[in-house]
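Engineer: Dropping in data-v6.pdb, with PDB, C-alpha atoms and all ligand atoms.
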MODEL        1
ATOM      1  CA  MET A   1      25.010 -26.530  14.742  1.00  0.00           C
ATOM      2  CA  LYS A   2      28.600 -27.491  14.296  1.00  0.00           C
ATOM      3  CA  LYS A   3      31.222 -25.116  13.014  1.00  0.00           C
ATOM      4  CA  ILE A   4      33.617 -26.788  10.662  1.00  0.00           C
ATOM      5  CA  ALA A   5      37.007 -26.150  12.183  1.00  0.00           C
ATOM      6  CA  ILE A   6      39.707 -28.042  10.414  1.00  0.00           C
ATOM      7  CA  LEU A   7      43.010 -26.435  11.333  1.00  0.00           C
ATOM      8  CA  LEU A   8      44.807 -25.672  14.543  1.00  0.00           C
ATOM      9  CA  PRO A   9      43.887 -22.294  16.004  1.00  0.00           C
ATOM     10  CA  LEU A  10      47.497 -21.173  15.475  1.00  0.00           C
ATOM     11  CA  VAL A  11      47.246 -21.733  11.749  1.00  0.00           C
ATOM     12  CA  ALA A  12      43.928 -19.954  11.643  1.00  0.00           C
ATOM     13  CA  ALA A  13      45.439 -17.014  13.513  1.00  0.00           C
ATOM     14  CA  ILE A  14      48.274 -16.755  11.030  1.00  0.00           C
ATOM     15  CA  ALA A  15      46.026 -17.248   8.060  1.00  0.00           C
ATOM     16  CA  PHE A  16      43.559 -14.599   9.074  1.00  0.00           C
ATOM     17  CA  ALA A  17      46.147 -12.099  10.289  1.00  0.00           C
ATOM     18  CA  VAL A  18      47.266 -11.636   6.701  1.00  0.00           C
ATOM     19  CA  PRO A  19      45.104 -10.320   3.905  1.00  0.00           C
ATOM     20  CA  VAL A  20      44.289 -13.039   1.449  1.00  0.00           C
ATOM     21  CA  THR A  21      45.743 -12.317  -1.952  1.00  0.00           C
ATOM     22  CA  SER A  22      43.502 -12.339  -4.948  1.00  0.00           C
ATOM     23  CA  ALA A  23      45.925 -14.578  -6.776  1.00  0.00           C
ATOM     24  CA  SER A  24      44.200 -17.646  -8.054  1.00  0.00           C
ATOM     25  CA  SER A  25      45.581 -21.122  -7.692  1.00  0.00           C
ATOM     26  CA  GLU A  26      43.969 -22.413 -10.843  1.00  0.00           C
ATOM     27  CA  THR A  27      47.276 -23.784 -12.043  1.00  0.00           C
ATOM     28  CA  SER A  28      47.492 -26.178  -9.156  1.00  0.00           C
ATOM     29  CA  LYS A  29      44.892 -28.919  -9.402  1.00  0.00           C
ATOM     30  CA  GLN A  30      46.522 -31.170  -6.868  1.00  0.00           C
ATOM     31  CA  ALA A  31      44.655 -32.086  -3.714  1.00  0.00           C
ATOM     32  CA  TYR A  32      46.388 -30.856  -0.580  1.00  0.00           C
ATOM     33  CA  THR A  33      46.265 -32.911   2.580  1.00  0.00           C
ATOM     34  CA  ILE A  34      46.280 -31.888   6.218  1.00  0.00           C
ATOM     35  CA  ASN A  35      49.914 -33.020   6.159  1.00  0.00           C
ATOM     36  CA  ASP A  36      50.752 -30.509   3.452  1.00  0.00           C
ATOM     37  CA  LEU A  37      49.218 -27.782   5.573  1.00  0.00           C
ATOM     38  CA  LYS A  38      51.228 -28.892   8.562  1.00  0.00           C
ATOM     39  CA  ASN A  39      54.411 -29.099   6.510  1.00  0.00           C
ATOM     40  CA  LEU A  40      54.023 -25.592   5.164  1.00  0.00           C
ATOM     41  CA  GLN A  41      53.043 -24.240   8.561  1.00  0.00           C
ATOM     42  CA  ASP A  42      56.091 -25.838  10.180  1.00  0.00           C
ATOM     43  CA  PHE A  43      58.331 -24.568   7.406  1.00  0.00           C
ATOM     44  CA  LEU A  44      57.031 -21.014   7.834  1.00  0.00           C
ATOM     45  CA  LEU A  45      57.533 -21.194  11.598  1.00  0.00           C
ATOM     46  CA  ALA A  46      61.060 -22.582  11.109  1.00  0.00           C
ATOM     47  CA  ARG A  47      60.107 -25.750  12.905  1.00  0.00           C
ATOM     48  CA  PRO A  48      61.762 -29.043  12.000  1.00  0.00           C
ATOM     49  CA  VAL A  49      59.932 -30.793   9.172  1.00  0.00           C
ATOM     50  CA  GLU A  50      60.339 -34.549   8.967  1.00  0.00           C
ATOM     51  CA  GLU A  51      59.192 -34.898   5.406  1.00  0.00           C
ATOM     52  CA  ASP A  52      61.455 -33.923   2.519  1.00  0.00           C
ATOM     53  CA  LEU A  53      59.812 -30.871   1.026  1.00  0.00           C
ATOM     54  CA  THR A  54      61.878 -30.917  -2.172  1.00  0.00           C
ATOM     55  CA  GLY A  55      59.614 -30.639  -5.173  1.00  0.00           C
ATOM     56  CA  LYS A  56      56.494 -29.843  -3.165  1.00  0.00           C
ATOM     57  CA  GLN A  57      54.088 -27.540  -4.946  1.00  0.00           C
ATOM     58  CA  TYR A  58      53.584 -25.148  -2.084  1.00  0.00           C
ATOM     59  CA  ASP A  59      54.032 -21.927  -4.077  1.00  0.00           C
ATOM     60  CA  LEU A  60      50.361 -21.588  -4.871  1.00  0.00           C
ATOM     61  CA  ASP A  61      50.511 -17.922  -5.822  1.00  0.00           C
ATOM     62  CA  ASN A  62      53.528 -18.494  -8.091  1.00  0.00           C
ATOM     63  CA  ASP A  63      55.652 -15.675  -6.691  1.00  0.00           C
ATOM     64  CA  GLY A  64      58.724 -17.863  -6.185  1.00  0.00           C
ATOM     65  CA  VAL A  65      58.611 -18.086  -2.383  1.00  0.00           C
ATOM     66  CA  TRP A  66      56.634 -20.007   0.184  1.00  0.00           C
ATOM     67  CA  SER A  67      54.741 -17.633   2.428  1.00  0.00           C
ATOM     68  CA  VAL A  68      51.620 -17.296   4.541  1.00  0.00           C
ATOM     69  CA  PHE A  69      49.813 -16.310   1.347  1.00  0.00           C
ATOM     70  CA  ASP A  70      50.458 -19.786   0.031  1.00  0.00           C
ATOM     71  CA  LEU A  71      49.222 -21.205   3.336  1.00  0.00           C
ATOM     72  CA  CYS A  72      45.988 -19.219   2.968  1.00  0.00           C
ATOM     73  CA  LEU A  73      45.476 -20.489  -0.546  1.00  0.00           C
ATOM     74  CA  MET A  74      46.313 -24.037   0.457  1.00  0.00           C
ATOM     75  CA  ARG A  75      43.872 -23.836   3.340  1.00  0.00           C
ATOM     76  CA  ARG A  76      41.173 -22.704   0.917  1.00  0.00           C
ATOM     77  CA  GLU A  77      41.947 -25.545  -1.490  1.00  0.00           C
ATOM     78  CA  TYR A  78      41.951 -28.019   1.365  1.00  0.00           C
ATOM     79  CA  VAL A  79      38.630 -26.854   2.770  1.00  0.00           C
ATOM     80  CA  ARG A  80      37.069 -26.948  -0.696  1.00  0.00           C
ATOM     81  CA  GLY A  81      38.350 -30.489  -1.158  1.00  0.00           C
ATOM     82  CA  GLN A  82      36.965 -31.534   2.211  1.00  0.00           C
ATOM     83  CA  LEU A  83      33.574 -30.075   1.347  1.00  0.00           C
ATOM     84  CA  SER A  84      32.427 -32.605  -1.197  1.00  0.00           C
ATOM     85  CA  LYS A  85      34.183 -35.455   0.593  1.00  0.00           C
ATOM     86  CA  ASN A  86      32.615 -34.898   3.967  1.00  0.00           C
ATOM     87  CA  TYR A  87      29.505 -32.793   3.512  1.00  0.00           C
ATOM     88  CA  ASN A  88      26.331 -32.682   1.449  1.00  0.00           C
ATOM     89  CA  ALA A  89      23.555 -30.205   1.042  1.00  0.00           C
ATOM     90  CA  GLU A  90      20.187 -31.936   1.033  1.00  0.00           C
ATOM     91  CA  ILE A  91      16.689 -31.021  -0.045  1.00  0.00           C
ATOM     92  CA  ALA A  92      14.016 -33.224   1.527  1.00  0.00           C
ATOM     93  CA  PHE A  93      10.255 -33.013   1.067  1.00  0.00           C
ATOM     94  CA  ASP A  94       7.013 -34.940   0.979  1.00  0.00           C
ATOM     95  CA  PHE A  95       5.599 -35.297  -2.512  1.00  0.00           C
ATOM     96  CA  THR A  96       1.973 -35.988  -3.374  1.00  0.00           C
ATOM     97  CA  ARG A  97       1.332 -36.615  -7.024  1.00  0.00           C
ATOM     98  CA  GLY A  98      -1.130 -34.131  -8.498  1.00  0.00           C
ATOM     99  CA  SER A  99      -4.591 -35.395  -9.428  1.00  0.00           C
ATOM    100  CA  THR A 100      -5.146 -33.094 -12.431  1.00  0.00           C
ATOM    101  CA  HIS A 101      -3.527 -32.327 -15.757  1.00  0.00           C
ATOM    102  CA  ALA A 102      -0.575 -29.934 -15.954  1.00  0.00           C
ATOM    103  CA  THR A 103       0.894 -30.846 -12.595  1.00  0.00           C
ATOM    104  CA  SER A 104       3.535 -32.912 -10.754  1.00  0.00           C
ATOM    105  CA  GLN A 105       6.537 -31.282 -12.444  1.00  0.00           C
ATOM    106  CA  VAL A 106       9.509 -30.709 -10.161  1.00  0.00           C
ATOM    107  CA  ALA A 107      12.981 -29.239 -10.634  1.00  0.00           C
ATOM    108  CA  ALA A 108      15.765 -28.620  -8.166  1.00  0.00           C
ATOM    109  CA  TRP A 109      18.939 -26.713  -8.832  1.00  0.00           C
ATOM    110  CA  VAL A 110      21.720 -24.571  -7.373  1.00  0.00           C
ATOM    111  CA  GLU A 111      22.270 -20.929  -8.319  1.00  0.00           C
ATOM    112  CA  ASN A 112      25.312 -18.730  -7.810  1.00  0.00           C
ATOM    113  CA  GLU A 113      25.242 -15.108  -6.679  1.00  0.00           C
ATOM    114  CA  ASP A 114      24.630 -13.983 -10.273  1.00  0.00           C
ATOM    115  CA  GLU A 115      21.484 -16.127 -10.349  1.00  0.00           C
ATOM    116  CA  GLU A 116      23.024 -18.508 -12.857  1.00  0.00           C
ATOM    117  CA  ILE A 117      22.479 -22.238 -12.519  1.00  0.00           C
ATOM    118  CA  VAL A 118      25.663 -23.996 -11.498  1.00  0.00           C
ATOM    119  CA  LYS A 119      23.989 -27.385 -11.255  1.00  0.00           C
ATOM    120  CA  THR A 120      20.599 -28.905 -11.967  1.00  0.00           C
ATOM    121  CA  LEU A 121      20.014 -31.620  -9.377  1.00  0.00           C
ATOM    122  CA  TYR A 122      16.772 -32.954 -10.819  1.00  0.00           C
ATOM    123  CA  VAL A 123      14.126 -32.190 -13.392  1.00  0.00           C
ATOM    124  CA  SER A 124      11.090 -34.394 -13.957  1.00  0.00           C
ATOM    125  CA  ASP A 125      11.424 -36.038 -17.325  1.00  0.00           C
ATOM    126  CA  PHE A 126       8.285 -34.663 -18.962  1.00  0.00           C
ATOM    127  CA  THR A 127       9.669 -31.132 -18.743  1.00  0.00           C
ATOM    128  CA  GLY A 128      13.260 -32.324 -19.016  1.00  0.00           C
ATOM    129  CA  VAL A 129      14.294 -34.964 -21.495  1.00  0.00           C
ATOM    130  CA  ARG A 130      10.855 -35.118 -23.139  1.00  0.00           C
ATOM    131  CA  ARG A 131      11.030 -31.327 -23.515  1.00  0.00           C
ATOM    132  CA  GLY A 132       7.475 -30.784 -22.319  1.00  0.00           C
ATOM    133  CA  TYR A 133       8.209 -27.074 -21.857  1.00  0.00           C
ATOM    134  CA  ARG A 134       7.712 -26.736 -25.615  1.00  0.00           C
ATOM    135  CA  GLN A 135       4.043 -27.730 -25.307  1.00  0.00           C
ATOM    136  CA  ARG A 136       3.400 -26.299 -21.868  1.00  0.00           C
ATOM    137  CA  GLU A 137       5.225 -23.067 -21.378  1.00  0.00           C
ATOM    138  CA  ASN A 138       4.238 -22.929 -17.714  1.00  0.00           C
ATOM    139  CA  ALA A 139       5.943 -26.205 -16.891  1.00  0.00           C
ATOM    140  CA  LEU A 140       8.755 -25.367 -14.466  1.00  0.00           C
ATOM    141  CA  SER A 141       8.955 -21.856 -15.853  1.00  0.00           C
ATOM    142  CA  HIS A 142      11.649 -20.750 -13.369  1.00  0.00           C
ATOM    143  CA  TRP A 143      13.950 -23.646 -14.161  1.00  0.00           C
ATOM    144  CA  VAL A 144      13.317 -23.346 -17.910  1.00  0.00           C
ATOM    145  CA  SER A 145      14.098 -19.622 -17.986  1.00  0.00           C
ATOM    146  CA  LEU A 146      17.371 -20.155 -16.110  1.00  0.00           C
ATOM    147  CA  ALA A 147      18.540 -23.481 -17.522  1.00  0.00           C
ATOM    148  CA  GLN A 148      17.643 -22.690 -21.146  1.00  0.00           C
ATOM    149  CA  PRO A 149      16.965 -26.319 -22.049  1.00  0.00           C
ATOM    150  CA  GLU A 150      16.677 -25.387 -25.745  1.00  0.00           C
ATOM    151  CA  SER A 151      20.435 -24.909 -25.713  1.00  0.00           C
ATOM    152  CA  MET A 152      21.064 -28.221 -23.954  1.00  0.00           C
ATOM    153  CA  THR A 153      21.854 -31.333 -25.964  1.00  0.00           C
ATOM    154  CA  ASP A 154      19.725 -34.433 -25.457  1.00  0.00           C
ATOM    155  CA  ASP A 155      22.553 -36.013 -23.468  1.00  0.00           C
ATOM    156  CA  GLU A 156      22.912 -32.959 -21.247  1.00  0.00           C
ATOM    157  CA  ILE A 157      19.217 -32.781 -20.463  1.00  0.00           C
ATOM    158  CA  ASP A 158      18.989 -36.553 -20.055  1.00  0.00           C
ATOM    159  CA  ALA A 159      21.752 -36.421 -17.452  1.00  0.00           C
ATOM    160  CA  VAL A 160      19.671 -34.236 -15.127  1.00  0.00           C
ATOM    161  CA  SER A 161      16.228 -35.700 -15.889  1.00  0.00           C
ATOM    162  CA  SER A 162      14.511 -38.471 -13.915  1.00  0.00           C
ATOM    163  CA  ALA A 163      11.092 -40.040 -13.762  1.00  0.00           C
ATOM    164  CA  THR A 164       8.342 -38.038 -12.090  1.00  0.00           C
ATOM    165  CA  PHE A 165       8.384 -38.604  -8.336  1.00  0.00           C
ATOM    166  CA  LYS A 166       5.973 -41.075  -6.839  1.00  0.00           C
ATOM    167  CA  THR A 167       3.983 -40.018  -3.810  1.00  0.00           C
ATOM    168  CA  GLY A 168       6.199 -40.234  -0.738  1.00  0.00           C
ATOM    169  CA  SER A 169       9.289 -38.746   0.928  1.00  0.00           C
ATOM    170  CA  GLN A 170      11.914 -37.507  -1.500  1.00  0.00           C
ATOM    171  CA  LYS A 171      15.482 -36.383  -1.080  1.00  0.00           C
ATOM    172  CA  LEU A 172      17.882 -34.628  -3.445  1.00  0.00           C
ATOM    173  CA  VAL A 173      21.541 -34.111  -2.694  1.00  0.00           C
ATOM    174  CA  TRP A 174      24.072 -31.486  -3.758  1.00  0.00           C
ATOM    175  CA  ASP A 175      27.720 -32.469  -3.408  1.00  0.00           C
ATOM    176  CA  PHE A 176      29.011 -28.906  -3.923  1.00  0.00           C
ATOM    177  CA  THR A 177      30.006 -29.570  -7.517  1.00  0.00           C
ATOM    178  CA  ASP A 178      28.869 -27.811 -10.672  1.00  0.00           C
ATOM    179  CA  ASP A 179      27.447 -29.330 -13.848  1.00  0.00           C
ATOM    180  CA  ASN A 180      30.971 -30.337 -14.887  1.00  0.00           C
ATOM    181  CA  GLY A 181      31.710 -32.113 -11.619  1.00  0.00           C
ATOM    182  CA  ASN A 182      34.125 -29.479 -10.289  1.00  0.00           C
ATOM    183  CA  ILE A 183      33.804 -28.245  -6.718  1.00  0.00           C
ATOM    184  CA  VAL A 184      32.304 -24.772  -6.794  1.00  0.00           C
ATOM    185  CA  ALA A 185      34.220 -21.656  -5.803  1.00  0.00           C
ATOM    186  CA  GLU A 186      33.717 -20.017  -2.425  1.00  0.00           C
ATOM    187  CA  GLY A 187      30.642 -17.856  -2.174  1.00  0.00           C
ATOM    188  CA  VAL A 188      26.950 -17.862  -1.409  1.00  0.00           C
ATOM    189  CA  TYR A 189      24.738 -20.265  -3.346  1.00  0.00           C
ATOM    190  CA  THR A 190      20.986 -20.741  -3.408  1.00  0.00           C
ATOM    191  CA  LEU A 191      19.276 -24.127  -3.409  1.00  0.00           C
ATOM    192  CA  LYS A 192      15.964 -24.026  -5.268  1.00  0.00           C
ATOM    193  CA  LEU A 193      13.068 -26.443  -5.528  1.00  0.00           C
ATOM    194  CA  GLU A 194      10.305 -25.626  -7.994  1.00  0.00           C
ATOM    195  CA  GLY A 195       6.996 -27.396  -8.378  1.00  0.00           C
ATOM    196  CA  THR A 196       4.389 -26.890 -11.090  1.00  0.00           C
ATOM    197  CA  LEU A 197       1.169 -27.469  -9.165  1.00  0.00           C
ATOM    198  CA  TYR A 198      -1.466 -26.716 -11.804  1.00  0.00           C
ATOM    199  CA  TRP A 199      -0.853 -24.856 -15.073  1.00  0.00           C
ATOM    200  CA  THR A 200       0.469 -21.413 -14.032  1.00  0.00           C
ATOM    201  CA  SER A 201       0.196 -22.182 -10.330  1.00  0.00           C
ATOM    202  CA  ASN A 202       3.651 -22.956  -9.008  1.00  0.00           C
ATOM    203  CA  VAL A 203       5.741 -22.948  -5.880  1.00  0.00           C
ATOM    204  CA  VAL A 204       9.420 -22.204  -5.385  1.00  0.00           C
ATOM    205  CA  TYR A 205      11.312 -23.030  -2.204  1.00  0.00           C
ATOM    206  CA  SER A 206      14.790 -21.639  -1.691  1.00  0.00           C
ATOM    207  CA  ALA A 207      17.575 -21.484   0.865  1.00  0.00           C
ATOM    208  CA  GLN A 208      20.956 -19.808   0.867  1.00  0.00           C
ATOM    209  CA  ILE A 209      24.137 -21.627   1.669  1.00  0.00           C
ATOM    210  CA  ASP A 210      27.490 -19.964   2.322  1.00  0.00           C
ATOM    211  CA  ILE A 211      30.284 -22.211   1.132  1.00  0.00           C
ATOM    212  CA  SER A 212      32.954 -19.990   2.669  1.00  0.00           C
ATOM    213  CA  ASN A 213      31.406 -20.295   6.093  1.00  0.00           C
ATOM    214  CA  LEU A 214      29.760 -23.659   6.090  1.00  0.00           C
ATOM    215  CA  GLU A 215      27.821 -24.871   9.108  1.00  0.00           C
ATOM    216  CA  THR A 216      25.994 -28.154   9.427  1.00  0.00           C
ATOM    217  CA  GLY A 217      22.317 -28.024  10.228  1.00  0.00           C
ATOM    218  CA  ALA A 218      19.073 -26.792   8.783  1.00  0.00           C
ATOM    219  CA  LEU A 219      19.002 -23.875   6.359  1.00  0.00           C
ATOM    220  CA  SER A 220      16.314 -21.226   6.437  1.00  0.00           C
ATOM    221  CA  VAL A 221      13.797 -22.047   3.689  1.00  0.00           C
ATOM    222  CA  THR A 222      11.640 -19.465   1.929  1.00  0.00           C
ATOM    223  CA  LYS A 223       8.445 -20.447   0.099  1.00  0.00           C
ATOM    224  CA  VAL A 224       6.886 -18.417  -2.710  1.00  0.00           C
ATOM    225  CA  ARG A 225       3.642 -19.427  -4.454  1.00  0.00           C
ATOM    226  CA  SER A 226       2.586 -17.730  -7.671  1.00  0.00           C
ATOM    227  CA  GLU A 227      -1.145 -18.197  -7.034  1.00  0.00           C
ATOM    228  CA  PRO A 228      -1.755 -18.847  -3.340  1.00  0.00           C
ATOM    229  CA  GLU A 229      -5.511 -18.870  -3.919  1.00  0.00           C
ATOM    230  CA  THR A 230      -5.356 -21.786  -6.398  1.00  0.00           C
ATOM    231  CA  SER A 231      -6.178 -24.913  -4.443  1.00  0.00           C
ATOM    232  CA  GLU A 232      -5.470 -27.607  -7.063  1.00  0.00           C
ATOM    233  CA  ASN A 233      -2.589 -29.821  -5.913  1.00  0.00           C
ATOM    234  CA  ALA A 234      -1.596 -27.215  -3.318  1.00  0.00           C
ATOM    235  CA  ASN A 235      -0.185 -29.992  -1.124  1.00  0.00           C
ATOM    236  CA  MET A 236       2.024 -31.457  -3.883  1.00  0.00           C
ATOM    237  CA  ILE A 237       5.228 -30.425  -2.115  1.00  0.00           C
ATOM    238  CA  GLU A 238       5.145 -30.183   1.660  1.00  0.00           C
ATOM    239  CA  ASN A 239       7.448 -30.324   4.680  1.00  0.00           C
ATOM    240  CA  VAL A 240      10.433 -28.990   2.751  1.00  0.00           C
ATOM    241  CA  SER A 241      13.714 -28.955   4.580  1.00  0.00           C
ATOM    242  CA  MET A 242      17.119 -27.985   3.289  1.00  0.00           C
ATOM    243  CA  ALA A 243      20.231 -28.692   5.310  1.00  0.00           C
ATOM    244  CA  VAL A 244      23.974 -29.226   5.313  1.00  0.00           C
ATOM    245  CA  THR A 245      24.807 -32.675   6.617  1.00  0.00           C
ATOM    246  CA  GLU A 246      28.001 -34.508   7.415  1.00  0.00           C
ATOM    247  CA  ILE A 247      28.571 -37.670   5.405  1.00  0.00           C
ATOM    248  CA  ALA A 248      29.050 -40.684   7.637  1.00  0.00           C
ATOM    249  CA  ASN A 249      32.615 -41.930   7.210  1.00  0.00           C
ATOM    250  CA  GLU A 250      32.966 -45.629   6.752  1.00  0.00           C
ATOM    251  CA  GLU A 251      36.416 -45.909   8.298  1.00  0.00           C
TER     252      GLU A 251
HETATM  253 CA    CA B   1      54.227 -18.022  -2.901  1.00  0.00          CA
ENDMDL
END
What would the structure in this file look like if it were written as structure tokens?

Structural biologist:
Amino acid sequence: MKKIAILLPLVAAIAFAVPVTSASSETSKQAYTINDLKNLQDFLLARPVEEDLTGKQYDLDNDGVWSVFDLCLMRREYVRGQLSKNYNAEIAFDFTRGSTHATSQVAAWVENEDEEIVKTLYVSDFTGVRRGYRQRENALSHWVSLAQPESMTDDEIDAVSSATFKTGSQKLVWDFTDDNGNIVAEGVYTLKLEGTLYWTSNVVYSAQIDISNLETGALSVTKVRSEPETSENANMIENVSMAVTEIANEE
């Protein structure tokens, strides 16, 4: 397990000694660098700053002054930016194609704390772009009830659909963005992997991930089967692991 510590302890001490304002920094879409954080920190501590700070957008809470509140907000923006650049959440599993009808459907997605889908990572194309849920209402019933594919355009559903997995090891990746490609807000999210094993027999694996307090390593995975006594294709999805991993930097 590796804690993601990005700033100097001094900055962290200042940042956490002050209550974080609820002001949003939605107006500022610029990406802040570690240098911006250092600049603002030095400025606030009345240290010499080499860079010319004229015109810098360091007033993130728009109150007309640069303060530790702005540093807190900048730190949050910076950490969020680093997330998708340096880290992934991964779902890995062994898939065995079902040997019966009404099987082998898989979906994976990310939910927010209100149990809304922020991103569909994968849906097998029979249920997805071929809209098989219309003929087989049990196909990926969890994903269908949350994603509401009837309200998705063909392009939208095509974008998240892929061919049914072949037997073998599979991996799906979440880059901490939502369906529109924006990095998600801080908070707790749930990774979900659903498999339709045989008609109404399904399995859902899930794991929680705290974006505000991200740690690399394995997440705790919960498995729920709708009909544990149904043996058909029971081994379709096995050895599920969900984890936060650091992306190897090529520099
Ligand atoms: Ca300010």

Engineer: Using all atoms listed in the file, which of A:Pro48, A:Asn62, A:Trp143, A:Asp179 sits nearest ligand CA 1 (chain B)?

Structural biologist: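 The shortest atom-to-atom distance to ligand CA 1 (chain B) comes from A:Asn62.
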
Engineer: When distances are computed from only C-alpha atoms, which of A:Gln135, A:Thr96, A:Asn202, A:Asn86 shows the smallest separation from Asn239 in chain A?

Structural biologist: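 Of A:Gln135, A:Thr96, A:Asn202, A:Asn86, the one nearest Asn239 in chain A, counting only C-alpha atoms, is A:Thr96.
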
Engineer: Can you measure CA of Trp174 in chain A to CA of Leu121 in chain A for me? One decimal in Å is fine.

Structural biologist: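 Spanning CA of Trp174 in chain A to CA of Leu121 in chain A is a straight-line distance of 6.9 Å.
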
Engineer: Enumerate, in order of chain and increasing residue number, the residues of chain A with an atom no farther than 12 Å from ligand CA 1 (chain B), each with its shortest atom pair and distance in Å to one decimal, counting all atoms listed in the file, as CSV.

Structural biologist:
residue,atom,partner,partner_atom,distance
A:Val20,CA,B:CA1,CA,11.9
A:Thr21,CA,B:CA1,CA,10.3
A:Ala23,CA,B:CA1,CA,9.8
A:Ser24,CA,B:CA1,CA,11.3
A:Ser25,CA,B:CA1,CA,10.4
A:Leu40,CA,B:CA1,CA,11.1
A:Leu44,CA,B:CA1,CA,11.5
A:Gln57,CA,B:CA1,CA,9.7
A:Tyr58,CA,B:CA1,CA,7.2
A:Asp59,CA,B:CA1,CA,4.1
A:Leu60,CA,B:CA1,CA,5.6
A:Asp61,CA,B:CA1,CA,4.7
A:Asn62,CA,B:CA1,CA,5.3
A:Asp63,CA,B:CA1,CA,4.7
A:Gly64,CA,B:CA1,CA,5.6
A:Val65,CA,B:CA1,CA,4.4
A:Trp66,CA,B:CA1,CA,4.4
A:Ser67,CA,B:CA1,CA,5.4
A:Val68,CA,B:CA1,CA,7.9
A:Phe69,CA,B:CA1,CA,6.4
A:Asp70,CA,B:CA1,CA,5.1
A:Leu71,CA,B:CA1,CA,8.6
A:Cys72,CA,B:CA1,CA,10.2
A:Leu73,CA,B:CA1,CA,9.4
A:Met74,CA,B:CA1,CA,10.5

Engineer: Using all atoms listed in the file, determine which residues lie at most 12 Å from range 217-231 of chain A, disregarding the query and same-chain residues fewer than 5 positions distant; provide the list as a ChimeraX atom specification.

Structural biologist: /A:1-4,87-93,98-100,138,140-142,189-210,236-246

Engineer: One decimal, in Å: what's the spacing between CA of Pro149 in chain A and CA of Gly187 in chain A?

Structural biologist: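 Taking CA of Pro149 in chain A and CA of Gly187 in chain A, their separation equals 25.6 Å.
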
Engineer: Here is a test: counting all atoms listed in the file, which residue of A:Leu146, A:Ile247, A:Ile117, A:Thr177 is nearest to Thr216 in chain A?

Structural biologist: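 The closest residue to Thr216 in chain A is A:Ile247.
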
Engineer: Could you please determine the separation between CA of Thr167 in chain A and CA of Phe95 in chain A in Å, to one decimal place?

Structural biologist: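 CA of Phe95 in chain A lies 5.2 Å from CA of Thr167 in chain A.
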
Engineer: Restricting the calculation to all atoms listed in the file: of A:Val110, A:Ala185, A:Ala102, A:Val118, which residue gets closest to Glu232 in chain A?

Structural biologist: A:Ala102

Engineer: Which one is closest to Asp94 in chain A: A:Thr127, A:Thr164, A:Thr54, A:Asn235? Count only C-alpha atoms.

Structural biologist: A:Asn235

Engineer: Please provide the set of residues having any atom within 10 Å of range 31-37 of chain A, restricted to all atoms listed in the file, with same-chain residues fewer than 5 positions apart removed, written as JSON, numbers by chain.

Structural biologist: {"A": [6, 7, 11, 42, 43, 51, 53, 56, 57, 58, 70, 71, 72, 74, 75, 76, 77, 78, 79, 80, 81, 82]}

Engineer: Using all atoms listed in the file, can you tell me which of A:Arg136, A:His101, A:Lys171, A:Lys85 comes closest to Tyr122 in chain A?

Structural biologist: A:Lys171

Engineer: Please identify every residue of range 82-123 of chain A that has at least one atom no farther than 12 Å from an atom of range 151-156 of chain A, counting all atoms listed in the file, and for each give the shortest atom pair and the distance in Å to one decimal, arranged by chain then increasing number, as a tab-separated table.

Structural biologist:
residue	atom	partner	partner_atom	distance
A:Lys119	CA	A:Glu156	CA	11.5
A:Thr120	CA	A:Glu156	CA	10.4
A:Val123	CA	A:Glu156	CA	11.8

Engineer: Excluding Arg130 in chain A and residues on its chain fewer than 3 positions from it, collect all residues at most 10 Å away from it, counting all atoms listed in the file, and give them as a ChimeraX atom specification.

Structural biologist: /A:124-127,133-134,154,157-158,161

Engineer: Please complete range 32-40 of chain A with N, CA and C atoms and give it back as an mmCIF file, in the coordinates of the input.

Structural biologist:
data_model
loop_
_atom_site.group_PDB
_atom_site.id
_atom_site.type_symbol
_atom_site.label_atom_id
_atom_site.label_comp_id
_atom_site.auth_asym_id
_atom_site.auth_seq_id
_atom_site.Cartn_x
_atom_site.Cartn_y
_atom_site.Cartn_z
ATOM 1 N N TYR A 32 45.509 -30.991 -1.731
ATOM 2 C CA TYR A 32 46.388 -30.856 -0.580
ATOM 3 C C TYR A 32 45.801 -31.590 0.620
ATOM 4 N N THR A 33 46.699 -32.163 1.395
ATOM 5 C CA THR A 33 46.265 -32.911 2.580
ATOM 6 C C THR A 33 46.541 -32.085 3.826
ATOM 7 N N ILE A 34 46.027 -32.554 4.941
ATOM 8 C CA ILE A 34 46.280 -31.888 6.218
ATOM 9 C C ILE A 34 47.789 -31.904 6.505
ATOM 10 N N ASN A 35 48.472 -32.932 5.985
ATOM 11 C CA ASN A 35 49.914 -33.020 6.159
ATOM 12 C C ASN A 35 50.649 -31.926 5.394
ATOM 13 N N ASP A 36 50.162 -31.611 4.211
ATOM 14 C CA ASP A 36 50.752 -30.509 3.452
ATOM 15 C C ASP A 36 50.600 -29.198 4.213
ATOM 16 N N LEU A 37 49.435 -29.012 4.800
ATOM 17 C CA LEU A 37 49.218 -27.782 5.573
ATOM 18 C C LEU A 37 50.170 -27.717 6.758
ATOM 19 N N LYS A 38 50.340 -28.856 7.404
ATOM 20 C CA LYS A 38 51.228 -28.892 8.562
ATOM 21 C C LYS A 38 52.673 -28.660 8.132
ATOM 22 N N ASN A 39 53.064 -29.288 7.032
ATOM 23 C CA ASN A 39 54.411 -29.099 6.510
ATOM 24 C C ASN A 39 54.702 -27.627 6.236
ATOM 25 N N LEU A 40 53.782 -26.987 5.534
ATOM 26 C CA LEU A 40 54.023 -25.592 5.164
ATOM 27 C C LEU A 40 53.992 -24.688 6.391
#
